[in-house]
$ cat upload_3.cif   # mmCIF, C-alpha atoms
data_model
#
loop_
_atom_site.label_atom_id
_atom_site.label_comp_id
_atom_site.auth_asym_id
_atom_site.auth_seq_id
_atom_site.Cartn_x
_atom_site.Cartn_y
_atom_site.Cartn_z
CA MET T 1 -52.48 -45.25 8.45
CA SER T 2 -50.84 -48.66 8.51
CA GLU T 3 -47.99 -49.50 10.87
CA GLY T 4 -45.63 -49.91 7.92
CA SER T 5 -46.41 -46.39 6.69
CA GLN T 6 -45.80 -44.94 10.16
CA VAL T 7 -42.40 -46.65 10.37
CA TRP T 8 -41.51 -45.41 6.89
CA ASN T 9 -42.43 -41.83 7.82
CA ARG T 10 -40.31 -42.01 10.98
CA LEU T 11 -37.33 -43.15 8.92
CA VAL T 12 -37.72 -40.80 5.97
CA CYS T 13 -39.09 -37.54 7.41
CA PRO T 14 -36.20 -36.56 9.75
CA PRO T 15 -33.48 -36.88 7.04
CA LYS T 16 -35.76 -35.10 4.58
CA ARG T 17 -36.31 -32.23 7.03
CA LEU T 18 -32.56 -32.07 7.69
CA LEU T 19 -31.75 -31.89 3.98
CA SER T 20 -34.40 -29.24 3.49
CA ARG T 21 -32.93 -27.17 6.33
CA LEU T 22 -29.40 -27.52 4.95
CA TRP T 23 -30.65 -26.40 1.54
CA VAL T 24 -32.35 -23.36 3.09
CA ILE T 25 -29.09 -22.20 4.71
CA GLN T 26 -27.27 -22.94 1.43
CA VAL T 27 -24.80 -25.37 2.93
CA TYR T 28 -23.09 -25.67 -0.45
CA ASP T 29 -21.82 -22.09 0.04
CA ALA T 30 -19.71 -23.47 2.90
CA LEU T 31 -17.31 -24.48 0.12
CA LEU T 32 -16.39 -20.80 -0.42
CA PRO T 33 -14.40 -20.21 2.82
CA VAL T 34 -12.73 -23.61 2.31
CA VAL T 35 -11.79 -22.68 -1.27
CA ILE T 36 -10.36 -19.28 -0.29
CA THR T 37 -8.39 -20.66 2.67
CA LEU T 38 -6.97 -23.60 0.70
CA HIS T 39 -6.06 -21.33 -2.22
CA SER T 40 -4.00 -19.15 0.13
CA PHE T 41 -1.34 -21.88 0.19
CA THR T 42 0.67 -22.88 -2.87
CA GLU T 43 0.13 -26.60 -2.30
CA GLY T 44 -3.63 -26.09 -1.87
CA ARG T 45 -4.35 -24.24 -5.09
CA LYS T 46 -5.34 -27.22 -7.26
CA PRO T 47 -7.71 -28.78 -4.67
CA ALA T 48 -9.18 -25.32 -4.04
CA LEU T 49 -9.84 -24.72 -7.73
CA GLY T 50 -11.40 -28.18 -8.04
CA LEU T 51 -13.78 -27.30 -5.18
CA LEU T 52 -14.50 -23.95 -6.84
CA VAL T 53 -15.59 -25.74 -10.03
CA ILE T 54 -17.79 -28.06 -7.93
CA TRP T 55 -19.37 -25.06 -6.18
CA MET T 56 -20.12 -23.30 -9.47
CA SER T 57 -21.57 -26.52 -10.91
CA ILE T 58 -23.86 -27.00 -7.90
CA ARG T 59 -25.07 -23.42 -8.11
CA LEU T 60 -25.77 -23.66 -11.86
CA VAL T 61 -27.63 -26.96 -11.48
CA ASN T 62 -29.54 -25.45 -8.57
CA LYS T 63 -30.75 -22.71 -10.94
CA LEU T 64 -31.37 -25.13 -13.80
CA VAL T 65 -33.61 -27.75 -12.15
CA PRO T 66 -36.59 -25.48 -11.27
CA GLN T 67 -36.83 -24.33 -14.90
CA PHE T 68 -37.83 -27.85 -15.96
CA ARG T 69 -40.35 -28.25 -13.14
CA GLN T 70 -42.26 -24.98 -13.49
CA PRO T 71 -44.02 -23.90 -16.68
CA PRO T 72 -43.55 -22.01 -18.86
CA TRP T 73 -40.34 -23.73 -19.88
CA ARG T 74 -37.65 -21.40 -21.18
CA PRO T 75 -34.28 -22.06 -22.90
CA PRO T 76 -31.77 -23.36 -20.31
CA LEU T 77 -29.02 -20.74 -20.46
CA GLU T 78 -27.48 -22.17 -17.29
CA ALA T 79 -27.05 -25.55 -19.04
CA ILE T 80 -24.90 -23.92 -21.73
CA LEU T 81 -22.83 -22.13 -19.08
CA LEU T 82 -22.43 -25.39 -17.17
CA ALA T 83 -21.17 -27.07 -20.35
CA LEU T 84 -18.67 -24.22 -20.87
CA LEU T 85 -17.48 -24.61 -17.28
CA LEU T 86 -16.98 -28.35 -17.69
CA VAL T 87 -14.95 -28.08 -20.90
CA ASN T 88 -12.74 -25.44 -19.25
CA THR T 89 -12.27 -27.35 -15.97
CA ARG T 90 -8.81 -28.58 -16.93
CA VAL T 91 -7.40 -25.15 -17.74
CA ILE T 92 -8.97 -23.71 -14.57
CA VAL T 93 -7.82 -26.35 -12.10
CA LEU T 94 -4.35 -26.82 -13.63
CA ARG T 95 -3.95 -23.04 -14.06
CA GLU T 96 -3.08 -23.40 -17.74
CA ASP T 97 -4.78 -20.12 -18.66
CA VAL T 98 -4.19 -17.90 -15.62
CA ASP T 99 -4.05 -14.65 -17.61
CA GLY T 100 -6.13 -15.68 -20.61
CA PRO T 101 -9.76 -15.53 -21.75
CA THR T 102 -11.01 -17.89 -19.01
CA ASN T 103 -10.63 -14.91 -16.64
CA PHE T 104 -13.79 -13.44 -18.12
CA LEU T 105 -15.61 -16.78 -18.22
CA LEU T 106 -15.19 -17.12 -14.45
CA ILE T 107 -16.34 -13.53 -13.85
CA ALA T 108 -19.41 -14.16 -16.02
CA LEU T 109 -20.22 -17.43 -14.24
CA GLY T 110 -19.99 -15.74 -10.86
CA PHE T 111 -22.24 -12.93 -12.10
CA VAL T 112 -24.89 -15.33 -13.43
CA ILE T 113 -24.86 -17.33 -10.19
CA GLY T 114 -25.29 -14.23 -8.06
CA SER T 115 -27.87 -12.58 -10.30
CA SER T 116 -30.62 -15.01 -9.32
CA GLN T 117 -30.23 -14.56 -5.56
CA GLY T 118 -32.77 -12.76 -3.41
CA LEU T 119 -32.21 -11.06 -0.08
CA ARG T 120 -32.53 -14.30 1.91
CA GLU T 121 -30.05 -16.11 -0.32
CA TRP T 122 -27.56 -13.25 -0.12
CA ARG T 123 -27.81 -13.24 3.66
CA ALA T 124 -26.84 -16.92 3.70
CA SER T 125 -23.97 -16.42 1.22
CA PHE T 126 -22.59 -13.48 3.20
CA GLY T 127 -22.78 -15.57 6.37
CA TRP T 128 -20.63 -18.31 4.88
CA LEU T 129 -18.17 -15.79 3.40
CA ALA T 130 -17.91 -14.15 6.84
CA LEU T 131 -16.25 -17.34 8.09
CA THR T 132 -13.30 -16.72 5.77
CA PRO T 133 -11.51 -13.91 7.70
CA LEU T 134 -11.70 -15.98 10.88
CA LEU T 135 -10.28 -19.10 9.18
CA LEU T 136 -7.49 -17.06 7.59
CA ALA T 137 -6.69 -15.31 10.88
CA ILE T 138 -6.41 -18.68 12.66
CA ASN T 139 -4.11 -20.05 9.95
CA ILE T 140 -1.88 -16.97 9.99
CA LEU T 141 -1.66 -16.88 13.79
CA ASN T 142 -0.73 -20.58 13.81
CA ARG T 143 2.24 -19.67 11.62
CA HIS T 144 3.28 -16.58 13.57
CA SER T 145 6.80 -17.93 14.02
CA ALA T 146 7.47 -16.98 10.38
CA ALA T 147 7.37 -13.28 11.31
CA SER T 148 7.18 -10.92 14.26
CA ILE T 149 3.58 -10.63 15.43
CA LEU T 150 4.22 -6.99 16.40
CA SER T 151 5.28 -6.01 12.88
CA SER T 152 2.98 -3.70 10.93
CA SER T 153 3.46 -6.04 7.95
CA PHE T 154 2.90 -9.23 9.95
CA VAL T 155 0.36 -10.71 7.50
CA LYS T 156 2.56 -9.89 4.51
CA ASP T 157 5.62 -11.49 6.15
CA VAL T 158 3.74 -14.70 7.05
CA TYR T 159 2.09 -14.89 3.63
CA GLU T 160 5.37 -14.56 1.73
CA ALA T 161 7.17 -17.00 4.04
CA VAL T 162 4.76 -19.94 4.21
CA MET T 163 1.63 -19.28 2.09
CA ASP T 164 2.04 -17.48 -1.27
CA GLY T 165 -0.98 -19.12 -2.88
CA HIS T 166 -3.07 -16.31 -4.36
CA GLY T 167 -0.40 -15.04 -6.75
CA GLY T 168 1.26 -12.43 -4.55
CA ILE T 169 0.44 -10.36 -1.49
CA ASN T 170 -1.58 -7.84 -3.51
CA ARG T 171 -3.89 -10.60 -4.80
CA PHE T 172 -4.24 -11.88 -1.25
CA ALA T 173 -5.07 -8.35 -0.06
CA THR T 174 -7.82 -8.16 -2.72
CA ILE T 175 -9.38 -11.37 -1.40
CA LEU T 176 -9.20 -10.01 2.16
CA MET T 177 -11.00 -6.81 1.13
CA LEU T 178 -13.82 -8.75 -0.54
CA VAL T 179 -14.44 -11.12 2.38
CA THR T 180 -14.14 -8.27 4.91
CA LEU T 181 -16.95 -6.32 3.26
CA SER T 182 -18.96 -9.53 2.85
CA ALA T 183 -18.73 -10.01 6.62
CA ALA T 184 -19.82 -6.39 7.14
CA ALA T 185 -22.76 -7.02 4.81
CA PHE T 186 -23.80 -10.04 6.87
CA SER T 187 -23.66 -7.91 10.01
CA LEU T 188 -26.02 -5.41 8.38
CA LEU T 189 -28.47 -8.09 7.23
CA ALA T 190 -28.40 -10.45 10.24
CA ARG T 191 -31.74 -10.81 12.02
CA SER T 192 -30.35 -11.77 15.44
CA LEU T 193 -27.95 -10.06 17.83
CA SER T 194 -25.62 -13.08 17.71
CA GLY T 195 -25.52 -12.85 13.91
CA ARG T 196 -24.64 -9.17 14.03
CA VAL T 197 -21.92 -9.81 16.60
CA PHE T 198 -20.50 -12.62 14.46
CA GLY T 199 -20.52 -10.48 11.30
CA THR T 200 -18.93 -7.51 13.06
CA THR T 201 -16.23 -9.70 14.63
CA ALA T 202 -15.43 -11.29 11.26
CA ALA T 203 -15.30 -7.87 9.57
CA LEU T 204 -12.93 -6.48 12.22
CA ALA T 205 -10.72 -9.58 11.93
CA GLY T 206 -10.70 -9.20 8.15
CA TYR T 207 -9.76 -5.54 8.33
CA ALA T 208 -6.97 -6.30 10.80
CA LEU T 209 -5.60 -8.74 8.21
CA CYS T 210 -5.95 -6.05 5.51
CA VAL T 211 -3.88 -3.63 7.61
CA GLY T 212 -1.23 -6.31 8.10
CA THR T 213 -0.76 -6.79 4.35
CA ASP T 214 1.06 -3.41 4.20
CA SER T 215 -1.12 -2.52 1.19
CA ARG T 216 -2.38 1.06 1.10
CA LEU T 217 -5.40 0.09 -0.97
CA ALA T 218 -6.36 -2.68 1.48
CA GLN T 219 -6.08 -0.23 4.37
CA ILE T 220 -8.07 2.60 2.75
CA ALA T 221 -10.60 1.03 0.36
CA PRO T 222 -12.76 -1.05 2.78
CA PRO T 223 -13.62 1.80 5.19
CA LEU T 224 -14.03 4.23 2.28
CA ALA T 225 -16.42 1.86 0.50
CA LEU T 226 -18.40 1.39 3.72
CA VAL T 227 -18.66 5.17 4.20
CA ILE T 228 -19.92 5.64 0.62
CA GLY T 229 -22.46 2.85 1.09
CA MET T 230 -23.65 4.40 4.35
CA ALA T 231 -23.90 7.81 2.66
CA ALA T 232 -26.01 6.32 -0.15
CA ALA T 233 -28.35 4.69 2.38
CA ARG T 234 -28.68 7.89 4.43
CA TRP T 235 -29.32 9.86 1.24
CA LYS T 236 -32.22 7.52 0.45
CA LYS T 237 -33.63 8.29 3.91
CA GLY T 238 -33.39 12.03 3.24
CA PHE T 239 -30.41 12.84 5.50
CA THR T 240 -28.83 15.21 2.98
CA ARG T 241 -26.85 17.24 5.51
CA PHE T 242 -25.35 14.10 7.01
CA VAL T 243 -24.30 12.90 3.56
CA LEU T 244 -22.66 16.25 2.78
CA PHE T 245 -20.84 16.11 6.12
CA LEU T 246 -19.58 12.60 5.32
CA PHE T 247 -18.27 13.61 1.92
CA GLY T 248 -16.65 16.73 3.37
CA ALA T 249 -14.96 14.70 6.09
CA ALA T 250 -13.81 12.08 3.57
CA ALA T 251 -12.38 14.75 1.23
CA THR T 252 -10.56 16.44 4.12
CA ALA T 253 -9.12 13.11 5.29
CA ALA T 254 -8.01 12.26 1.74
CA LEU T 255 -6.27 15.64 1.42
CA LEU T 256 -4.46 15.24 4.73
CA VAL T 257 -3.39 11.64 4.06
CA GLY T 258 -2.27 12.50 0.52
CA SER T 259 -0.26 15.49 1.73
CA TRP T 260 1.47 13.36 4.34
CA TRP T 261 2.11 10.49 1.95
CA PHE T 262 3.57 12.53 -0.91
CA LEU T 263 5.11 15.54 0.86
CA PHE T 264 5.87 15.08 4.55
CA ALA T 265 6.38 11.34 5.19
CA PRO T 266 9.99 10.20 5.82
CA ASP T 267 9.92 8.15 2.61
CA ALA T 268 7.84 10.64 0.57
CA SER T 269 10.27 10.53 -2.36
CA ILE T 270 9.96 6.73 -2.55
CA ASN T 271 6.17 7.01 -2.43
CA GLN T 272 6.19 9.53 -5.27
CA SER T 273 8.47 7.35 -7.38
CA SER T 274 6.33 4.25 -6.74
CA ASP T 275 3.04 5.90 -7.69
CA LEU T 276 4.51 7.67 -10.70
CA GLY T 277 5.75 4.27 -11.86
CA ARG T 278 2.21 2.91 -11.59
CA LEU T 279 0.88 5.82 -13.65
CA ARG T 280 3.57 5.28 -16.29
CA ALA T 281 2.70 1.59 -16.46
CA GLY T 282 -0.99 2.37 -17.00
CA ALA T 283 -0.18 4.98 -19.66
CA CYS T 284 2.16 2.56 -21.42
CA TRP T 285 -0.41 -0.25 -21.55
CA LEU T 286 -3.15 2.07 -22.77
CA SER T 287 -0.85 3.50 -25.44
CA LEU T 288 -0.40 0.00 -26.90
CA MET T 289 -3.80 0.51 -28.54
CA PHE T 290 -2.20 3.10 -30.82
CA THR T 291 0.80 1.07 -32.05
CA GLY T 292 -0.77 -0.14 -35.30
CA ASN T 293 -1.67 -3.61 -36.61
CA ASN T 294 -5.37 -3.15 -35.73
CA ARG T 295 -4.41 -2.93 -32.06
CA PHE T 296 -6.80 -0.03 -31.50
CA ILE T 297 -9.71 -2.42 -32.02
CA TYR T 298 -8.25 -5.76 -30.87
CA GLY T 299 -5.36 -4.87 -28.54
CA VAL T 300 -2.07 -6.77 -28.32
CA GLY T 301 -3.56 -9.96 -26.93
CA TYR T 302 -2.08 -12.34 -24.36
CA GLY T 303 1.21 -14.08 -23.76
CA ALA T 304 4.79 -13.41 -22.68
CA LYS T 305 5.48 -11.13 -25.62
CA ALA T 306 2.57 -8.85 -24.73
CA ASN T 307 3.65 -8.76 -21.07
CA GLU T 308 7.09 -7.49 -22.07
CA MET T 309 5.93 -4.60 -24.24
CA CYS T 310 6.42 -2.11 -21.41
CA SER T 311 9.74 -3.58 -20.27
CA HIS T 312 11.55 -0.29 -20.82
CA LEU T 313 9.83 1.16 -17.75
CA ARG T 314 11.69 -1.03 -15.30
CA GLU T 315 15.13 -2.62 -15.37
CA GLY T 316 15.24 -6.38 -15.25
CA GLY T 317 11.67 -6.97 -16.46
CA GLY T 318 8.56 -5.44 -17.89
CA PHE T 319 5.37 -4.26 -16.27
CA GLY T 320 3.28 -7.37 -16.92
CA HIS T 321 0.18 -5.49 -15.81
CA ALA T 322 -1.01 -1.91 -15.91
CA HIS T 323 -2.08 -1.31 -12.28
CA ASN T 324 -5.38 -0.16 -13.77
CA THR T 325 -8.10 -2.37 -15.20
CA ILE T 326 -9.21 0.07 -17.93
CA ALA T 327 -5.64 0.47 -19.18
CA GLN T 328 -5.11 -3.30 -19.00
CA VAL T 329 -8.16 -4.26 -21.04
CA GLY T 330 -7.44 -1.39 -23.44
CA GLY T 331 -3.90 -2.61 -24.05
CA GLN T 332 -4.75 -6.31 -24.25
CA LEU T 333 -8.19 -6.20 -25.87
CA GLY T 334 -8.37 -2.74 -27.46
CA LEU T 335 -11.50 -0.67 -27.89
CA LEU T 336 -13.66 -3.80 -27.66
CA GLY T 337 -12.24 -4.55 -24.20
CA ILE T 338 -13.00 -1.03 -22.97
CA LEU T 339 -16.54 -1.27 -24.34
CA ALA T 340 -17.01 -4.58 -22.51
CA PHE T 341 -15.84 -2.98 -19.25
CA LEU T 342 -18.23 -0.05 -19.74
CA ILE T 343 -21.14 -2.43 -20.44
CA VAL T 344 -20.55 -4.15 -17.10
CA VAL T 345 -20.32 -0.79 -15.30
CA ILE T 346 -23.59 0.36 -16.92
CA VAL T 347 -25.40 -2.87 -15.99
CA ILE T 348 -24.27 -2.57 -12.36
CA SER T 349 -25.19 1.14 -12.22
CA MET T 350 -28.66 0.48 -13.64
CA GLY T 351 -29.12 -2.36 -11.17
CA LEU T 352 -28.22 -0.12 -8.22
CA ARG T 353 -30.59 2.56 -9.52
CA ARG T 354 -33.46 0.06 -9.75
CA GLN T 355 -32.53 -1.14 -6.28
CA ALA T 356 -32.77 2.41 -4.96
CA LEU T 357 -36.27 2.70 -6.46
CA SER T 358 -37.22 -0.61 -4.85
CA VAL T 359 -36.09 0.67 -1.46
CA ALA T 360 -38.51 3.58 -1.88
CA CYS T 361 -41.51 1.23 -2.12
CA PRO T 362 -43.55 1.08 1.13
CA SER T 363 -44.17 -2.68 1.00
CA GLY T 364 -41.84 -5.35 2.36
CA GLN T 365 -39.18 -4.90 5.04
CA PRO T 366 -37.64 -1.46 4.42
CA ARG T 367 -34.95 -1.81 7.09
CA PHE T 368 -33.43 -4.90 5.52
CA HIS T 369 -33.92 -3.49 2.02
CA LEU T 370 -32.05 -0.31 2.93
CA ALA T 371 -29.32 -2.36 4.66
CA PHE T 372 -28.88 -4.51 1.56
CA PHE T 373 -28.75 -1.43 -0.67
CA GLN T 374 -25.98 -0.08 1.57
CA ALA T 375 -24.08 -3.37 1.34
CA ALA T 376 -24.49 -3.59 -2.46
CA VAL T 377 -23.22 -0.03 -2.95
CA SER T 378 -20.25 -0.67 -0.64
CA LEU T 379 -19.25 -3.90 -2.39
CA ASN T 380 -19.49 -2.42 -5.87
CA VAL T 381 -17.61 0.72 -4.84
CA LEU T 382 -14.89 -1.55 -3.46
CA LEU T 383 -14.72 -3.40 -6.79
CA LEU T 384 -14.52 -0.06 -8.64
CA LEU T 385 -11.71 1.23 -6.41
CA ASN T 386 -9.78 -1.98 -7.01
CA ALA T 387 -10.40 -1.72 -10.76
CA LEU T 388 -9.01 1.82 -10.82
CA ALA T 389 -5.95 1.06 -8.69
CA THR T 390 -5.14 -2.54 -9.74
CA THR T 391 -5.72 -5.13 -12.42
CA ILE T 392 -8.08 -6.87 -10.02
CA TYR T 393 -9.17 -9.66 -12.36
CA ARG T 394 -5.76 -11.07 -13.31
CA SER T 395 -3.89 -14.16 -12.10
CA ASN T 396 -6.42 -15.44 -9.55
CA GLN T 397 -9.38 -17.60 -10.52
CA VAL T 398 -10.95 -17.41 -7.06
CA THR T 399 -10.94 -13.60 -7.19
CA GLN T 400 -12.41 -13.68 -10.69
CA CYS T 401 -15.40 -15.74 -9.56
CA LEU T 402 -15.92 -13.54 -6.48
CA ILE T 403 -15.80 -10.37 -8.60
CA GLY T 404 -18.76 -11.50 -10.68
CA PHE T 405 -20.60 -13.04 -7.73
CA LEU T 406 -20.40 -9.94 -5.50
CA ALA T 407 -20.99 -7.50 -8.37
CA ALA T 408 -24.34 -9.25 -8.89
CA THR T 409 -25.56 -7.82 -5.56
CA SER T 410 -26.55 -4.83 -7.70
CA LEU T 411 -29.21 -6.95 -9.44
CA CYS T 412 -31.07 -8.06 -6.31
CA LEU T 413 -34.56 -6.50 -6.28
CA PHE T 414 -36.79 -6.57 -3.19
CA THR T 415 -40.08 -5.39 -4.72
CA THR T 416 -41.15 -4.17 -8.11
CA PRO T 417 -41.50 -0.38 -8.14
CA ALA T 418 -45.12 0.64 -8.42
CA ALA T 419 -46.13 1.41 -12.00
CA THR T 420 -49.37 1.40 -13.94
CA THR T 421 -49.29 -1.04 -16.79
CA LEU T 422 -51.76 -2.04 -19.49
CA ALA T 423 -51.94 -5.52 -17.99
CA ALA T 424 -53.18 -4.04 -14.72
CA GLU T 425 -56.21 -2.39 -16.40
CA PRO T 426 -59.40 -4.45 -16.82
CA PRO T 427 -60.32 -5.21 -20.44
CA PRO T 428 -63.13 -3.19 -22.05
CA ALA T 429 -65.41 -6.23 -22.16
CA ALA T 430 -65.19 -6.59 -18.40
CA LEU T 431 -66.02 -2.91 -17.93
CA GLU T 432 -69.03 -3.21 -20.24
CA SER T 433 -70.37 -6.31 -18.52
CA SER T 434 -70.00 -4.76 -15.08
CA SER T 435 -71.86 -1.62 -16.18
CA LEU T 436 -74.70 -3.72 -17.61
CA GLY T 437 -74.88 -5.71 -14.43
CA GLY T 438 -75.13 -2.50 -12.47
CA ARG T 439 -78.17 -1.46 -14.45
#
$ encode --input "upload_3.cif" --output "structure tokens"
Amino acid sequence: MSEGSQVWNRLVCPPKRLLSRLWVIQVYDALLPVVITLHSFTEGRKPALGLLVIWMSIRLVNKLVPQFRQPPWRPPLEAILLALLLVNTRVIVLREDVDGPTNFLLIALGFVIGSSQGLREWRASFGWLALTPLLLAINILNRHSAASILSSSFVKDVYEAVMDGHGGINRFATILMLVTLSAAAFSLLARSLSGRVFGTTAALAGYALCVGTDSRLAQIAPPLALVIGMAAARWKKGFTRFVLFLFGAAATAALLVGSWWFLFAPDASINQSSDLGRLRAGACWLSLMFTGNNRFIYGVGYGAKANEMCSHLREGGGFGHAHNTIAQVGGQLGLLGILAFLIVVIVISMGLRRQALSVACPSGQPRFHLAFFQAAVSLNVLLLLNALATTIYRSNQVTQCLIGFLAATSLCLFTTPAATTLAAEPPPAALESSSLGGR
């Protein structure tokens, strides 16, 4: 090798190895904690949404390029989605369609991006998302003068005083739940002790922030989702008695907490009034399907007029959302919206079922496969709980992208379940030739 070639290799190889290493750890996913933290502040929403569009574009291009390099070439679906993202960038970044159809575009983009990830890629994504609770905790503690640090609603008080970027404390609590379980998932999947310690620390920090939001859902849903995920994993290992014990303990705890909340707490009457109001809002929105003008099929649509259709339930303003995703899509989009919701639920359920069959295969790394199955069940149960108790997808583009992205954990397969196929059988000609050779 000539001296010039040796010098060239010394100059080129180290940066190339560095870029390759950064690509392996998916350094572009480092944008996610930055996006979520920036979006927590009102003045940071536009830069955060711009970075979110950049992240989605990188991920779509990252999926698109290998399709042109490896035969057989197939139609570039990701290119069409990238084009849709680009033409909707203005309305996303400037928040011109916060409660409109772009909600579902962002969910779909997140789902497509996550659907192509394997176990290694998910481990990297969860690792970057696990940084988010720590960054948010540092930012909130730096602004502790806005509220008493000993208050049970410390996070809520700080958020409403100096942050207020995600569209209200309930939207912020939803983000906290998602990143908390993502950190827990990283702890389950981490290969090293330091990784598990980091993931556990981030998950505990995230849950502490959830408790400080003064949101009942944020306090109850993350541990409940983790318990259900753990029960599903133990069930796959054959620990039926342990699973029954978990469900019995969870049902007993739910009964005790519900009795206290609605009957014996000092403000039980307020709690009853609040939750009955949520139920009335959901019933009102769902009933809009039956008010004529083809609303059963198409719903009432979007806009200020639609948001005021349940104004009689509360003085001074209407219930602009139903506190329930099924009721919301039923009222706004009619029967077609409910069918769309059910399609997504069926796809996720079928994905988790296929994942459970993959876990049963003896090949591969069963410990990590079972851990990922537990994480996927927990994340999707958390999304379902939020869908039943809130209109999780409204008013926050960052949440919308994360909903689709994390729901796609259900589509990650580790191995193909063993099955006999026609392609696996040798053709008759081969059998005939081998028999003749044997003679």
$ closest_residue --input "upload_3.cif" --among "T:Leu388, T:Leu342, T:Val377, T:Ala232" --to "Arg278 of chain T" --atoms "all atoms listed in the file"
T:Leu388
$ resolve_selection --input "upload_3.cif" --expression "the PyMOL selection byres ((chain T and resi 90-97) around 7)" --output "number ranges by chain"
T: 46, 49-50, 88-89, 98-100, 102
$ closest_residue --input "upload_3.cif" --among "T:Ala265, T:Leu85, T:Val329, T:Ala283" --to "Phe296 of chain T" --atoms "only C-alpha atoms"
T:Val329
$ residues_around --input "upload_3.cif" --residues "Glu121 of chain T" --least-positions-apart "5" --cutoff "10 Å" --atoms "only C-alpha atoms" --output "VMD selection string"
chain T and resid 24 to 26 114 116 126 to 127
$ closest_residue --input "upload_3.cif" --among "T:Ala190, T:Leu336, T:Val179, T:Ile228" --to "Arg123 of chain T" --atoms "only C-alpha atoms"
T:Ala190
$ resolve_selection --input "upload_3.cif" --expression "the PyMOL selection byres ((chain T and resi 155) around 10)" --output "number ranges by chain"
T: 137, 140-141, 144, 146-149, 151-154, 156-161, 169, 172-173, 208-214
$ resolve_selection --input "upload_3.cif" --expression "the PyMOL selection byres ((chain T and resi 297) around 9)" --output "number ranges by chain"
T: 289, 294-296, 298-299, 330, 333-337
$ atom_distance --input "upload_3.cif" --atom1 "atom CA of Arg394 of chain T" --atom2 "atom CA of Thr409 of chain T"
21.5 Å
$ atom_distance --input "upload_3.cif" --atom1 "atom CA of Val347 of chain T" --atom2 "atom CA of Pro76 of chain T"
21.9 Å
$ atom_distance --input "upload_3.cif" --atom1 "atom CA of Leu357 of chain T" --atom2 "atom CA of Trp128 of chain T"
28.5 Å
$ residues_near_point --input "upload_3.cif" --point "(-16.8, -13.2, -17.2)" --cutoff "10 Å" --atoms "all atoms listed in the file" --output "list in words"
Pro101, Thr102, Asn103, Phe104, Leu105, Leu106, Ile107, Ala108, Leu109, Gly110, Phe111, Val112, Val344, Tyr393, Gln400, Cys401, Ile403 and Gly404 of chain T
$ write_last_selection --input "upload_3.cif" --atoms "C-alpha atoms" --output "CSV table (one decimal), in the coordinates of the input"
chain,number,residue,atom,x,y,z
T,101,PRO,CA,-9.8,-15.5,-21.8
T,102,THR,CA,-11.0,-17.9,-19.0
T,103,ASN,CA,-10.6,-14.9,-16.6
T,104,PHE,CA,-13.8,-13.4,-18.1
T,105,LEU,CA,-15.6,-16.8,-18.2
T,106,LEU,CA,-15.2,-17.1,-14.4
T,107,ILE,CA,-16.3,-13.5,-13.8
T,108,ALA,CA,-19.4,-14.2,-16.0
T,109,LEU,CA,-20.2,-17.4,-14.2
T,110,GLY,CA,-20.0,-15.7,-10.9
T,111,PHE,CA,-22.2,-12.9,-12.1
T,112,VAL,CA,-24.9,-15.3,-13.4
T,344,VAL,CA,-20.6,-4.2,-17.1
T,393,TYR,CA,-9.2,-9.7,-12.4
T,400,GLN,CA,-12.4,-13.7,-10.7
T,401,CYS,CA,-15.4,-15.7,-9.6
T,403,ILE,CA,-15.8,-10.4,-8.6
T,404,GLY,CA,-18.8,-11.5,-10.7
$ closest_residue --input "upload_3.cif" --among "T:Ile220, T:Ala376, T:Asn139, T:Val243" --to "Phe405 of chain T" --atoms "all atoms listed in the file"
T:Ala376
$ closest_residue --input "upload_3.cif" --among "T:Gln374, T:Asn271, T:Ser349, T:Gln332" --to "Leu181 of chain T" --atoms "all atoms listed in the file"
T:Gln374
$ closest_residue --input "upload_3.cif" --among "T:Leu379, T:Ile58, T:Ile113, T:Leu84" --to "Ala221 of chain T" --atoms "only C-alpha atoms"
T:Leu379
$ residues_around --input "upload_3.cif" --residues "Leu134 of chain T" --least-positions-apart "6" --cutoff "12 Å" --atoms "only C-alpha atoms" --output "list in words"
Pro33, Val34, Ile36, Thr37, Gly127, Trp128, Ile140, Leu141, Leu176, Val179, Thr180, Ala183, Phe198, Gly199, Thr200, Thr201, Ala202, Ala203, Leu204, Ala205, Gly206, Tyr207, Ala208 and Leu209 of chain T
$ residues_around --input "upload_3.cif" --residues "Leu382 of chain T" --least-positions-apart "3" --cutoff "7 Å" --atoms "only C-alpha atoms" --output "JSON, numbers by chain"
{"T": [221, 222, 225, 378, 379, 385, 386]}
$ build_atoms --input "upload_3.cif" --residues "segment 301-305 of chain T" --atoms "N, CA and C atoms" --output "PDB file, in the frame of the given file"
ATOM      1  N   GLY T 301      -3.325  -8.562 -27.264  1.00  0.00           N
ATOM      2  CA  GLY T 301      -3.560  -9.960 -26.930  1.00  0.00           C
ATOM      3  C   GLY T 301      -2.845 -10.405 -25.664  1.00  0.00           C
ATOM      4  N   TYR T 302      -2.644 -11.725 -25.567  1.00  0.00           N
ATOM      5  CA  TYR T 302      -2.080 -12.340 -24.360  1.00  0.00           C
ATOM      6  C   TYR T 302      -0.713 -12.929 -24.668  1.00  0.00           C
ATOM      7  N   GLY T 303      -0.047 -13.378 -23.597  1.00  0.00           N
ATOM      8  CA  GLY T 303       1.210 -14.080 -23.760  1.00  0.00           C
ATOM      9  C   GLY T 303       2.404 -13.308 -23.252  1.00  0.00           C
ATOM     10  N   ALA T 304       3.559 -13.998 -23.215  1.00  0.00           N
ATOM     11  CA  ALA T 304       4.790 -13.410 -22.680  1.00  0.00           C
ATOM     12  C   ALA T 304       5.232 -12.195 -23.482  1.00  0.00           C
ATOM     13  N   LYS T 305       5.056 -12.250 -24.791  1.00  0.00           N
ATOM     14  CA  LYS T 305       5.480 -11.130 -25.620  1.00  0.00           C
ATOM     15  C   LYS T 305       4.693  -9.864 -25.286  1.00  0.00           C
TER      16      LYS T 305
END
